[in-house]
Number of protein chains: 2
Amino acid sequence: MNPKLIDGKATAADITSEIKKRVSELVQAGHPPPGITVLLIGDRTDSATYVSMKQRACQDIGFVSNIIKYPKDVDEDQIVKKLNELNSDPLVHGILVQLPLPPHLDEKRITGLISIEKDVDGFHVINMGKLAMKGHEPNTVPCTPKGCLELLKRYSIPISGKNAVVLGRSNIVGIPMALLLLNENATVTICHSKTENIPEICRTADILVAAIGRAQYVKRDWIKPGATIIDVGMNSIPDATKKSGYRLVGDVDPDAYDVAGMYTPVPGGVGPMTVAMLMQNTLNSALKWYATTAHE
Amino acid sequence: MNPKLIDGKATAADITSEIKKRVSELVQAGHPPPGITVLLIGDRTDSATYVSMKQRACQDIGFVSNIIKYPKDVDEDQIVKKLNELNSDPLVHGILVQLPLPPHLDEKRITGLISIEKDVDGFHVINMGKLAMKGHEPNTVPCTPKGCLELLKRYSIPISGKNAVVLGRSNIVGIPMALLLLNENATVTICHSKTENIPEICRTADILVAAIGRAQYVKRDWIKPGATIIDVGMNSIPDATKKSGYRLVGDVDPDAYDVAGMYTPVPGGVGPMTVAMLMQNTLNSALKWYATTAHE
């Protein structure tokens with residue numbers, strides 16, 4: 001076993017088996033199983049990969065899962081109509097629109113239509129506001145940053161007072177990740193495409209979260225010796241040795257791993273944790289629904 | 001004139017006179033003047049200072065302003081009742097609860113009761129969520145960080161790609177300031193009481209925003225030569241030479257000023273801008289109300 005490896009796959013499997021057990025108890029107690037519906041729009045390879053990982057996890061865990069696929073030129077009204085249907089469907093506890101959307105669709109409008117109770121992605125503006133403000137508790141925390149934090153915690157990596165550098169400022173990963181780390185008392189720096197001195201800033205990081213979406217962008221000499229690397233990147237690069245013709249790599253060059261104290265690999269790091277956190281958010285959503293409808 | 005000085009007092013006066021002119025036009029057109037009500041709870045010297053500055057500004061500008069004072073042991077229900085009244089008062093366009101509150105009061109509940117249309121402080125969770133998320137536009141931006149950004153812009157201080165360090169992570173200043181700077185493409189680091197190496201981090205700042213609430217905490221050798229210092233601090237310290245027995249100082253030691261490129265003094269820097277931005281937010285709120293009630 002590699003002592004530096006943060007094994008997201010194994011950790012996600014542990015979490016998944018806890019959820020699976022809980023679902024089985026709930027179903028035995030007479031509840032409908034937690035249900036999740038995913039809207040997959042367009043033909044991005046990465047999106048299809050994420051969605052099929054999610055579906056496999058749902059099936060394994062005992063959730064009812066549906067994927068509804070739309071072509072990349074789908075009319076926005078069709079998506080809106082479907083979301084309204086799903087919002088009022090009592091057997092659907094989580095609704096997920098796989099991002100990014102094709103450019104003609106209004107992401108803000110579409111994600112804003114998902115009822116906050118079924119927003120298992122945690123992308124609703126109220127959830128983000130609560131995450132940003134001391135003294136507030138978000139209903140749902142976005143899955144990827146939640147999974148990253150869970151890995152740091154399960155591997156007992158010190159966060160409080162440490163320098164955390166987040167590469168990327170997306171609504172989905174960078175911003176909520178920065179806010180979560182700040183809530184854990186890290187000193188947080190957020191870098192992005194306009195940052196002038198990324199390598200220098202990375203070298204100050206005790207915890208480096210790479211979520212910038214560029215294949216093997218972070219180099220070995222950007223890493224502070226002993227730092228923890230959390231690699232959120234999942235980039236397709238051509239690979240003639242693979243049957244598919246491509247393979248997935250992270251935002252961090254694997255050459256950097258031996259400088260680091262610990263690191264998440266790609267694949268098998270953050271990816272499986274994102275899926276596990278989605279399962280956890282969906283279970284939580286279903287549990288709240290059972291409580292309000294007094295099924296128990 | 002000191003070429004390094006960012007004159008918040010003069011800038012606020014310019015903004016205020018623009019607002020005053022607009023208010024006078026609105027009243028001549030038959031509208032009621034914009035109205036603001038401030039709840040002042042307890043006997044903190046700094047809170048009383050802020051509130052009286054706000055009231056003077058309102059009177060000068062032609063707003064109708066009311067201050068309602070409560071003792072520091074006031075019952076929460078009394079505040080709740082008053083806020084409900086004010087929410088439905090058509091002559092009140094801005095409601096402000098001066099923070100911090102005495103510890104027995106639930107700040108989250110109280111600020112959450114102000115209707116989002118009258119939240120001229122911009123502390124509502126939806127406003128914060130929108131500020132945090134790309135593609136969303138907050139209804140109101142909190143006054144102090146908005147004023148800091150306005151000063152940077154009016155003094156043509158480059159922000160994009162620069163290193164901005166924010167000391168403090170309050171809901172009122174630190175977090176929204178960090179988000180505003182990020183939206184302007186700065187690389188942002190957020191420091192706080194748990195940060196282990198504040199002086200070292202400050203030395204990387206092209207723009208340093210001090211909002212940590214400690215008198216003259218930031219020292220001369222923490223400043224990168226040529227950096228811009230925005231001092232949000234307003235701390236009372238004993239001063240026997242003053243009639244009041246105290247004077248207000250910032251979070252930055254004035255010894256640091258000559259290392260800096262530019263700086264905001266205390267008083268006369270951020271303070272007056274906070275008040276001017278509150279006036280601007282209230283005017284905007286009144287303008288929206290006039291538009292929806294078709295008074296024009």
# chains A, B, ... in the order shown; residues from 1 in each chain; ligands from 1

call {"tool": "closest_atom_pairs", "arguments": {"of": "chain A", "to": "chain B", "cutoff": "6 Å", "atoms": "only C-alpha atoms", "output": "CSV"}}
result
residue,atom,partner,partner_atom,distance
A:Val125,CA,B:Gly129,CA,4.8
A:Ile126,CA,B:Ile126,CA,5.3
A:Met128,CA,B:Gly129,CA,4.8
A:Gly129,CA,B:Gly129,CA,3.4
A:Met133,CA,B:Asn171,CA,5.5
A:Gly161,CA,B:Thr195,CA,4.6
A:Asn171,CA,B:Met133,CA,5.5
A:Thr187,CA,B:Cys191,CA,5.3
A:Val188,CA,B:Ile190,CA,5.4
A:Thr189,CA,B:Thr189,CA,4.0
A:Ile190,CA,B:Val188,CA,5.4
A:Cys191,CA,B:Thr187,CA,5.3
A:Lys194,CA,B:Gly161,CA,5.0
A:Thr195,CA,B:Gly161,CA,4.6
A:Glu196,CA,B:Gly161,CA,5.4

call {"tool": "write_last_selection", "arguments": {"atoms": "C-alpha atoms", "output": "PDB file, in the first residue's frame"}}
result
ATOM      1  CA  VAL A 125     -28.334  30.238  -4.160  1.00  0.00           C
ATOM      2  CA  ILE A 126     -29.771  29.924  -0.616  1.00  0.00           C
ATOM      3  CA  MET A 128     -24.503  28.900  -1.132  1.00  0.00           C
ATOM      4  CA  GLY A 129     -25.451  31.969   0.935  1.00  0.00           C
ATOM      5  CA  MET A 133     -22.319  33.081   6.304  1.00  0.00           C
ATOM      6  CA  GLY A 161      -4.574  27.446  10.686  1.00  0.00           C
ATOM      7  CA  ASN A 171     -19.871  27.697  -8.402  1.00  0.00           C
ATOM      8  CA  THR A 187      -6.307  30.367   5.690  1.00  0.00           C
ATOM      9  CA  VAL A 188      -7.673  30.215   2.160  1.00  0.00           C
ATOM     10  CA  THR A 189      -6.322  31.599  -1.112  1.00  0.00           C
ATOM     11  CA  ILE A 190      -8.452  31.372  -4.250  1.00  0.00           C
ATOM     12  CA  CYS A 191      -6.583  31.357  -7.581  1.00  0.00           C
ATOM     13  CA  LYS A 194      -6.431  35.728 -13.994  1.00  0.00           C
ATOM     14  CA  THR A 195      -3.977  34.933 -11.184  1.00  0.00           C
ATOM     15  CA  GLU A 196      -0.514  36.185 -12.147  1.00  0.00           C
TER      16      GLU A 196
END

call {"tool": "select_by_dssp", "arguments": {"residues": "stretch 188-272 of chain A", "states": "strand (DSSP E)", "output": "MDAnalysis selection string"}}
result
chainID A and resid 188:191 207:210 228:231 235:238 246:249 262:263

call {"tool": "residues_around", "arguments": {"residues": "stretch 274-280 of chain B", "least_positions_apart": "5", "cutoff": "10 Å", "atoms": "only C-alpha atoms", "output": "ChimeraX atom specification"}}
result
/B:8-9,11-20,34,36,50-51,53-58,61,63,94,96,120-122,140-148,150,232,269,285-286

call {"tool": "residues_around", "arguments": {"residues": "B:Pro90", "least_positions_apart": "5", "cutoff": "10 Å", "atoms": "only C-alpha atoms", "output": "ChimeraX atom specification"}}
result
/B:32,35,286,289,293

call {"tool": "atom_distance", "arguments": {"atom1": "atom CA of B:Asn139", "atom2": "atom CA of B:Glu117"}}
result
7.9 Å

call {"tool": "residues_around", "arguments": {"residues": "B:Pro267", "least_positions_apart": "2", "cutoff": "12 Å", "atoms": "only C-alpha atoms", "output": "PyMOL selection string"}}
result
chain B and resi 6-9+49-50+53+230-236+247-252+254+263-265+269-273
